[in-house]
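Listing of final_27.cif; format and content: mmCIF, C-alpha atoms.
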```cif
data_my_file
#
loop_
_atom_site.group_PDB
_atom_site.id
_atom_site.type_symbol
_atom_site.label_atom_id
_atom_site.label_comp_id
_atom_site.auth_asym_id
_atom_site.auth_seq_id
_atom_site.Cartn_x
_atom_site.Cartn_y
_atom_site.Cartn_z
ATOM 1 C CA MET A 241 56.253 -32.295 -24.051
ATOM 2 C CA PHE A 242 56.324 -28.675 -25.162
ATOM 3 C CA PHE A 243 52.876 -28.958 -26.760
ATOM 4 C CA VAL A 244 51.462 -30.717 -23.675
ATOM 5 C CA ALA A 245 52.783 -27.965 -21.401
ATOM 6 C CA GLY A 246 51.332 -25.330 -23.714
ATOM 7 C CA PHE A 247 47.906 -26.966 -23.656
ATOM 8 C CA ARG A 248 48.037 -27.141 -19.858
ATOM 9 C CA GLU A 249 48.863 -23.439 -19.602
ATOM 10 C CA VAL A 250 45.978 -22.582 -21.928
ATOM 11 C CA ASP A 251 43.663 -24.806 -19.897
ATOM 12 C CA ILE A 252 44.764 -23.152 -16.636
ATOM 13 C CA LEU A 253 44.245 -19.675 -18.129
ATOM 14 C CA ASP A 254 40.754 -20.643 -19.353
ATOM 15 C CA LYS A 255 39.868 -21.931 -15.892
ATOM 16 C CA LYS A 256 41.114 -18.718 -14.284
ATOM 17 C CA LYS A 257 39.049 -16.625 -16.697
ATOM 18 C CA THR A 258 35.975 -18.746 -15.962
ATOM 19 C CA VAL A 259 36.479 -18.442 -12.191
ATOM 20 C CA THR A 260 36.987 -14.686 -12.497
ATOM 21 C CA ALA A 261 33.819 -14.297 -14.598
ATOM 22 C CA LEU A 262 31.813 -16.420 -12.172
ATOM 23 C CA LYS A 263 33.099 -14.442 -9.188
ATOM 24 C CA ALA A 264 32.177 -11.143 -10.865
ATOM 25 C CA GLY A 265 28.682 -12.486 -11.610
ATOM 26 C CA GLU A 266 28.297 -13.676 -8.029
ATOM 27 C CA ASP A 267 29.375 -10.277 -6.698
ATOM 28 C CA ARG A 268 26.818 -8.522 -8.907
ATOM 29 C CA ALA A 269 24.101 -10.936 -7.795
ATOM 30 C CA ILE A 270 24.924 -10.335 -4.122
ATOM 31 C CA LEU A 271 24.877 -6.558 -4.682
ATOM 32 C CA LEU A 272 21.487 -6.920 -6.396
ATOM 33 C CA GLY A 273 20.146 -8.938 -3.463
ATOM 34 C CA LEU A 274 21.474 -6.436 -0.929
ATOM 35 C CA GLY A 275 19.976 -3.559 -2.941
ATOM 36 C CA MET A 276 16.576 -5.272 -2.980
ATOM 37 C CA ILE A 277 16.739 -5.879 0.777
ATOM 38 C CA LEU A 278 17.765 -2.265 1.468
ATOM 39 C CA SER A 279 14.962 -0.948 -0.763
ATOM 40 C CA SER A 280 12.382 -3.124 0.977
ATOM 41 C CA VAL A 281 13.565 -1.923 4.401
ATOM 42 C CA MET A 282 13.198 1.698 3.273
ATOM 43 C CA MET A 283 9.704 0.955 1.938
ATOM 44 C CA TYR A 284 8.796 -0.681 5.267
ATOM 45 C CA PHE A 285 9.981 2.459 7.056
ATOM 46 C CA VAL A 286 7.892 4.764 4.834
ATOM 47 C CA LEU A 287 4.834 2.528 5.189
ATOM 48 C CA GLY A 288 5.371 2.336 8.943
ATOM 49 C CA ILE A 289 5.077 6.110 9.386
ATOM 50 C CA THR A 290 2.144 6.452 6.972
ATOM 51 C CA ILE A 291 -0.301 3.604 6.398
ATOM 52 C CA LEU A 292 0.588 1.396 9.374
ATOM 53 C CA ARG A 293 0.507 4.359 11.757
ATOM 54 C CA SER A 294 -2.889 5.460 10.419
ATOM 55 C CA TYR A 295 -4.119 1.864 10.695
ATOM 56 C CA ALA A 296 -2.969 1.636 14.322
ATOM 57 C CA ASP A 297 -4.522 5.012 15.222
ATOM 58 C CA SER A 298 -7.875 4.239 13.584
ATOM 59 C CA VAL A 299 -10.700 3.699 16.094
ATOM 60 C CA TRP A 300 -13.248 2.412 13.554
ATOM 61 C CA THR A 301 -12.292 -1.233 13.931
ATOM 62 C CA GLU A 302 -15.613 -3.058 14.247
ATOM 63 C CA GLU A 303 -17.711 -3.868 11.194
ATOM 64 C CA GLY A 304 -21.474 -3.726 11.409
ATOM 65 C CA VAL A 305 -24.642 -2.991 9.472
ATOM 66 C CA CYS A 306 -25.955 0.558 9.310
ATOM 67 C CA VAL A 307 -29.583 1.384 8.564
ATOM 68 C CA VAL A 308 -29.957 4.768 6.856
ATOM 69 C CA LEU A 309 -32.449 6.871 8.833
ATOM 70 C CA ASN A 310 -32.049 10.243 7.162
ATOM 71 C CA SER A 311 -30.187 11.559 4.115
ATOM 72 C CA THR A 312 -30.598 15.283 3.445
ATOM 73 C CA ILE A 313 -28.817 18.240 1.869
ATOM 74 C CA THR A 314 -28.311 20.838 4.582
ATOM 75 C CA ALA A 315 -26.287 23.685 3.073
ATOM 76 C CA ASP A 316 -23.705 24.705 0.496
ATOM 77 C CA MET A 317 -20.076 24.407 1.553
ATOM 78 C CA ASN A 318 -17.230 26.502 0.177
ATOM 79 C CA CYS A 319 -14.142 24.904 -1.337
ATOM 80 C CA SER A 320 -11.171 26.229 -3.319
ATOM 81 C CA TYR A 321 -9.709 24.918 -6.567
ATOM 82 C CA ASN A 322 -6.464 25.661 -8.387
ATOM 83 C CA CYS A 323 -6.900 27.842 -11.472
ATOM 84 C CA GLY A 324 -3.223 28.232 -12.341
ATOM 85 C CA SER A 325 0.073 29.296 -10.831
ATOM 86 C CA ASP A 326 -0.633 30.941 -7.459
ATOM 87 C CA CYS A 327 -4.310 31.158 -8.384
ATOM 88 C CA TRP A 328 -7.132 29.825 -6.217
ATOM 89 C CA ARG A 329 -10.842 30.374 -6.670
ATOM 90 C CA VAL A 330 -13.892 29.491 -4.603
ATOM 91 C CA SER A 331 -16.595 27.041 -5.604
ATOM 92 C CA LYS A 332 -19.459 25.374 -3.719
ATOM 93 C CA TYR A 333 -20.765 21.872 -3.157
ATOM 94 C CA PRO A 334 -23.861 20.682 -1.262
ATOM 95 C CA CYS A 335 -23.319 19.193 2.186
ATOM 96 C CA LEU A 336 -25.017 15.816 2.452
ATOM 97 C CA GLN A 337 -25.700 14.698 6.015
ATOM 98 C CA VAL A 338 -26.496 11.033 6.606
ATOM 99 C CA TYR A 339 -27.652 9.608 9.913
ATOM 100 C CA VAL A 340 -27.751 5.869 10.561
ATOM 101 C CA SER A 341 -28.561 3.313 13.233
ATOM 102 C CA VAL A 342 -25.740 0.835 13.839
ATOM 103 C CA ASN A 343 -26.788 -2.827 14.111
ATOM 104 C CA ASN A 344 -30.397 -1.778 14.828
ATOM 105 C CA THR A 345 -29.431 -0.650 18.326
ATOM 106 C CA GLY A 346 -31.390 2.577 18.075
ATOM 107 C CA HIS A 347 -28.213 4.598 18.650
ATOM 108 C CA VAL A 348 -28.121 7.306 15.949
ATOM 109 C CA SER A 349 -24.722 8.158 14.450
ATOM 110 C CA ARG A 350 -23.542 10.348 11.609
ATOM 111 C CA LEU A 351 -22.138 8.477 8.599
ATOM 112 C CA SER A 352 -18.934 9.587 6.837
ATOM 113 C CA HIS A 353 -17.482 8.157 3.657
ATOM 114 C CA ASN A 354 -13.994 7.415 5.096
ATOM 115 C CA GLU A 355 -11.301 8.756 7.430
ATOM 116 C CA GLU A 356 -10.263 11.437 4.959
ATOM 117 C CA THR A 357 -13.803 12.799 4.744
ATOM 118 C CA GLN A 358 -14.105 12.708 8.524
ATOM 119 C CA ASP A 359 -10.945 14.815 8.851
ATOM 120 C CA ALA A 360 -11.966 17.239 6.083
ATOM 121 C CA SER A 361 -15.527 17.822 7.276
ATOM 122 C CA SER A 362 -17.149 16.696 10.499
ATOM 123 C CA GLU A 363 -20.630 17.384 9.121
ATOM 124 C CA CYS A 364 -20.781 16.182 5.511
ATOM 125 C CA PHE A 365 -20.920 12.553 4.383
ATOM 126 C CA TYR A 366 -18.734 13.116 1.314
ATOM 127 C CA VAL A 367 -16.390 15.909 0.239
ATOM 128 C CA PRO A 368 -15.862 15.894 -3.550
ATOM 129 C CA LYS A 369 -12.748 17.186 -5.243
ATOM 130 C CA CYS A 370 -13.306 20.885 -5.714
ATOM 131 C CA GLN A 371 -14.099 21.908 -9.302
ATOM 132 C CA LYS A 372 -14.956 25.078 -11.114
ATOM 133 C CA ASP A 373 -18.299 23.641 -12.252
ATOM 134 C CA SER A 374 -20.378 23.405 -9.068
ATOM 135 C CA VAL A 375 -23.210 21.704 -11.015
ATOM 136 C CA VAL A 376 -21.027 18.612 -11.499
ATOM 137 C CA MET A 377 -20.367 18.368 -7.763
ATOM 138 C CA HIS A 378 -24.051 18.944 -6.991
ATOM 139 C CA THR A 379 -25.058 16.132 -9.364
ATOM 140 C CA MET A 380 -22.495 13.808 -7.789
ATOM 141 C CA ILE A 381 -23.789 14.453 -4.261
ATOM 142 C CA MET A 382 -27.417 14.014 -5.348
ATOM 143 C CA ASN A 383 -26.587 10.651 -6.950
ATOM 144 C CA ILE A 384 -24.977 9.505 -3.698
ATOM 145 C CA SER A 385 -28.041 10.636 -1.759
ATOM 146 C CA GLU A 386 -30.367 8.691 -4.074
ATOM 147 C CA ARG A 387 -28.266 5.531 -3.760
ATOM 148 C CA LEU A 388 -28.363 5.722 0.019
ATOM 149 C CA LYS A 389 -32.131 6.112 -0.078
ATOM 150 C CA VAL A 390 -32.429 2.981 -2.246
ATOM 151 C CA ASN A 391 -29.853 0.913 -0.319
ATOM 152 C CA GLN A 392 -30.956 1.661 3.222
ATOM 153 C CA GLN A 393 -28.804 -1.076 4.763
ATOM 154 C CA VAL A 394 -25.074 -0.645 4.181
ATOM 155 C CA PRO A 395 -21.974 -2.183 5.794
ATOM 156 C CA CYS A 396 -20.137 0.269 8.019
ATOM 157 C CA TYR A 397 -17.354 0.567 10.604
ATOM 158 C CA TYR A 398 -17.790 1.961 14.079
ATOM 159 C CA ASP A 399 -15.812 2.606 17.254
ATOM 160 C CA PRO A 400 -16.571 -0.180 19.760
ATOM 161 C CA SER A 401 -15.501 2.059 22.656
ATOM 162 C CA GLU A 402 -18.062 4.655 21.467
ATOM 163 C CA GLN A 403 -15.570 7.500 21.923
ATOM 164 C CA GLN A 404 -16.112 8.470 18.284
ATOM 165 C CA GLU A 405 -19.757 9.172 17.537
ATOM 166 C CA SER A 406 -19.471 9.038 13.745
ATOM 167 C CA VAL A 407 -19.244 5.820 11.712
ATOM 168 C CA LEU A 408 -17.536 5.138 8.373
ATOM 169 C CA LEU A 409 -18.855 3.602 5.192
ATOM 170 C CA THR A 410 -15.378 2.461 4.092
ATOM 171 C CA ARG A 411 -11.923 2.371 5.687
ATOM 172 C CA MET A 412 -8.904 3.757 3.871
ATOM 173 C CA TYR A 413 -6.546 2.020 6.272
ATOM 174 C CA GLY A 414 -8.174 -1.374 6.767
ATOM 175 C CA HIS A 415 -6.750 -4.897 6.634
ATOM 176 C CA SER A 416 -6.870 -4.973 2.829
ATOM 177 C CA ALA A 417 -4.956 -1.688 2.489
ATOM 178 C CA VAL A 418 -2.260 -2.892 4.896
ATOM 179 C CA PHE A 419 -1.934 -6.225 3.063
ATOM 180 C CA HIS A 420 -1.591 -4.621 -0.381
ATOM 181 C CA SER A 421 0.891 -2.024 0.885
ATOM 182 C CA LEU A 422 3.122 -4.676 2.514
ATOM 183 C CA PHE A 423 2.860 -7.235 -0.302
ATOM 184 C CA TRP A 424 5.435 -5.797 -2.732
ATOM 185 C CA PRO A 425 8.066 -4.846 -0.120
ATOM 186 C CA SER A 426 7.744 -8.361 1.306
ATOM 187 C CA CYS A 427 8.194 -9.864 -2.181
ATOM 188 C CA MET A 428 11.270 -7.682 -2.731
ATOM 189 C CA LEU A 429 12.731 -8.674 0.644
ATOM 190 C CA ALA A 430 12.119 -12.376 -0.028
ATOM 191 C CA GLY A 431 13.568 -12.074 -3.561
ATOM 192 C CA GLY A 432 16.724 -10.323 -2.362
ATOM 193 C CA THR A 433 17.252 -12.860 0.431
ATOM 194 C CA LEU A 434 16.691 -15.754 -1.993
ATOM 195 C CA ILE A 435 19.261 -14.369 -4.468
ATOM 196 C CA ILE A 436 21.918 -14.109 -1.745
ATOM 197 C CA LEU A 437 21.140 -17.609 -0.431
ATOM 198 C CA MET A 438 21.349 -19.079 -3.952
ATOM 199 C CA VAL A 439 24.743 -17.437 -4.540
ATOM 200 C CA LYS A 440 26.064 -18.701 -1.204
ATOM 201 C CA LEU A 441 24.722 -22.189 -1.968
ATOM 202 C CA THR A 442 26.422 -22.149 -5.383
ATOM 203 C CA GLN A 443 29.720 -21.105 -3.795
ATOM 204 C CA TYR A 444 29.433 -23.851 -1.191
ATOM 205 C CA LEU A 445 28.693 -26.522 -3.799
ATOM 206 C CA SER A 446 31.597 -25.293 -5.936
ATOM 207 C CA ILE A 447 34.036 -25.582 -3.024
ATOM 208 C CA LEU A 448 32.598 -28.990 -2.136
ATOM 209 C CA CYS A 449 33.122 -30.239 -5.712
ATOM 210 C CA GLU A 450 36.719 -29.030 -5.699
ATOM 211 C CA GLU A 451 37.418 -30.838 -2.426
ATOM 212 C CA ILE A 452 35.858 -34.046 -3.746
ATOM 213 C CA GLY A 453 37.959 -33.746 -6.923
ATOM 214 C CA LYS A 454 41.156 -33.373 -4.869
ATOM 215 C CA ILE A 455 40.301 -36.468 -2.791
ATOM 216 C CA LYS A 456 39.725 -38.570 -5.931
ATOM 217 C CA ARG A 457 43.113 -37.527 -7.317
#
```

Write-out of the structure in structure tokens:
Amino acid sequence: MFFVAGFREVDILDKKKTVTALKAGEDRAILLGLGMILSSVMMYFVLGITILRSYADSVWTEEGVCVVLNSTITADMNCSYNCGSDCWRVSKYPCLQVYVSVNNTGHVSRLSHNEETQDASSECFYVPKCQKDSVVMHTMIMNISERLKVNQQVPCYYDPSEQQESVLLTRMYGHSAVFHSLFWPSCMLAGGTLIILMVKLTQYLSILCEEIGKIKR
């Protein structure tokens, strides 16, 4: 009898240790899930005040076909580049102006590379990153000009309300950008929710098994 009682005590202690270990693992899993959900919510907030806001404010929503009418270098534009700590110097790049006809309507509009270029310069098609070597920037702009002369029909985005006269070659904040920016936060939110649901399901099944075991006894 003494040995039987001893074995029972050891068995009870082992079960308690197992339950304690499982509970600690479940708590860590729930904390992981909650952390993933909280992180995804914070990412949604940051994206909401950056990309989603820019997407909602963008007026270039309609896609069309632009026919290049004129592509010329008009003047040299000044820009500044960083040459060290608290050091800025001036360089120059050629201003390429491109005029297009949208959907062969005869309405002439100025073409910009994207929203960032439109904000940086209302006259030039493309604003390169400022460099010390102005020849590199000049070569880059000339290559763009030659490509536009060869490919005279390009896809573009325009304002259907015609409040904005310029059109864009590409959109920084289009459907694709919004999808890719929301993809990983959504995966993190779904993963965190799934972890918590799996832990809760495991706890429910464990309680259900215990109740079934008590009924059989």

**Q.** Cut-off 12 Å around (-11.9, 12.6, 4.3) with only C-alpha atoms: residues as a list in words
**A.**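 Collected hits near the coordinates: Leu351, Ser352, His353, Asn354, Glu355, Glu356, Thr357, Gln358, Asp359, Ala360, Ser361, Ser362, Glu363, Cys364, Phe365, Tyr366, Val367, Pro368, Lys369, Leu408, Leu409, Thr410, Arg411 and Met412 of chain A.
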
Distance table requested - stretch 426-446 of chain A against stretch 267-278 of chain A, cut-off 6 Å, all atoms listed in the file: one row per qualifying residue with the closest atom pair and its distance in Å to one decimal, ordered by chain and rising residue number, as a tab-separated table.
```
residue	atom	partner	partner_atom	distance
A:Met428	CA	A:Met276	CA	5.8
A:Leu429	CA	A:Ile277	CA	4.9
A:Gly432	CA	A:Gly273	CA	3.9
A:Ile435	CA	A:Gly273	CA	5.6
A:Ile436	CA	A:Ile270	CA	5.4
```

Using the chain letters and numbers from this file, what does the PyMOL selection byres ((chain A and resi 314-317) around 9) select? Give the answer as a CSV table (one decimal) with C-alpha atoms, keeping the file's coordinate frame.
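Resulting contents of expr23.csv:
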```csv
chain,number,residue,atom,x,y,z
A,312,THR,CA,-30.6,15.3,3.4
A,313,ILE,CA,-28.8,18.2,1.9
A,318,ASN,CA,-17.2,26.5,0.2
A,319,CYS,CA,-14.1,24.9,-1.3
A,331,SER,CA,-16.6,27.0,-5.6
A,332,LYS,CA,-19.5,25.4,-3.7
A,333,TYR,CA,-20.8,21.9,-3.2
A,334,PRO,CA,-23.9,20.7,-1.3
A,335,CYS,CA,-23.3,19.2,2.2
A,336,LEU,CA,-25.0,15.8,2.5
A,337,GLN,CA,-25.7,14.7,6.0
A,364,CYS,CA,-20.8,16.2,5.5
```

Q.
Could you check the closest approach to A:Tyr295 for each of A:Cys449, A:Val418, A:Val375, A:Ala264 and tell me which residue wins, using all atoms listed in the file?
A.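 Among A:Cys449, A:Val418, A:Val375, A:Ala264, it is A:Val418 that comes nearest to A:Tyr295.
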
(Q) List as an MDAnalysis selection string the protein and nucleic acid residues near A:Val299, meaning an atom at most 8 Å away when only C-alpha atoms are counted, but skip any in the same chain fewer than 6 places from it. (A) chainID A and resid 398:400 404

**Q.** Picked residues, the PyMOL selection byres ((chain A and resi 322-328) around 9), as a list of chain:residue names
**A.**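 This file gives the following for the PyMOL selection byres ((chain A and resi 322-328) around 9): A:Ser320, A:Tyr321, A:Arg329, A:Val330, A:Cys370, A:Gln371, A:Lys372.
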
Given the selection you just returned, output its residues as a file containing C-alpha atoms, formatted as a compact mmCIF listing (two decimals), keeping the file's coordinate frame.
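New file out-v2.txt:
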```txt
# COMPACT_ATOMS: atom_id res chain seq x y z
CA SER A 320 -11.17 26.23 -3.32
CA TYR A 321 -9.71 24.92 -6.57
CA ARG A 329 -10.84 30.37 -6.67
CA VAL A 330 -13.89 29.49 -4.60
CA CYS A 370 -13.31 20.88 -5.71
CA GLN A 371 -14.10 21.91 -9.30
CA LYS A 372 -14.96 25.08 -11.11
```

(Q) Report, in Å with one decimal, the straight-line distance from atom CA of A:Val342 to atom CA of A:Ser401. (A) 13.6 Å

(Q) Which residue is closest to A:Asn391? Choose from A:Gln403, A:Gly414, A:Ser311, A:Leu422 and count all atoms listed in the file. (A)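 Using all atoms listed in the file, the shortest distance to A:Asn391 belongs to A:Ser311.
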
Q: To one decimal in Å, tell me the separation between atom CA of A:Tyr397 and atom CA of A:Glu303.
A: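 Computing it gives 4.5 Å between the two atoms.
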
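Atom to atom, atom CA of A:Thr301 and atom CA of A:Gly346 stand 19.9 Å apart.
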
Q | Among listed residues A:Tyr413, A:Lys263, A:Ile384, A:Lys389, nearest A:Asp297 (using all atoms listed in the file) | A |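 Selected residue with least distance to A:Asp297: A:Tyr413.
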
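For the residues A:Ala430, A:Ile291, A:Val286, A:Val340, ranking by smallest atom-to-atom distance to A:Val308 using all atoms listed in the file places A:Val340 first.
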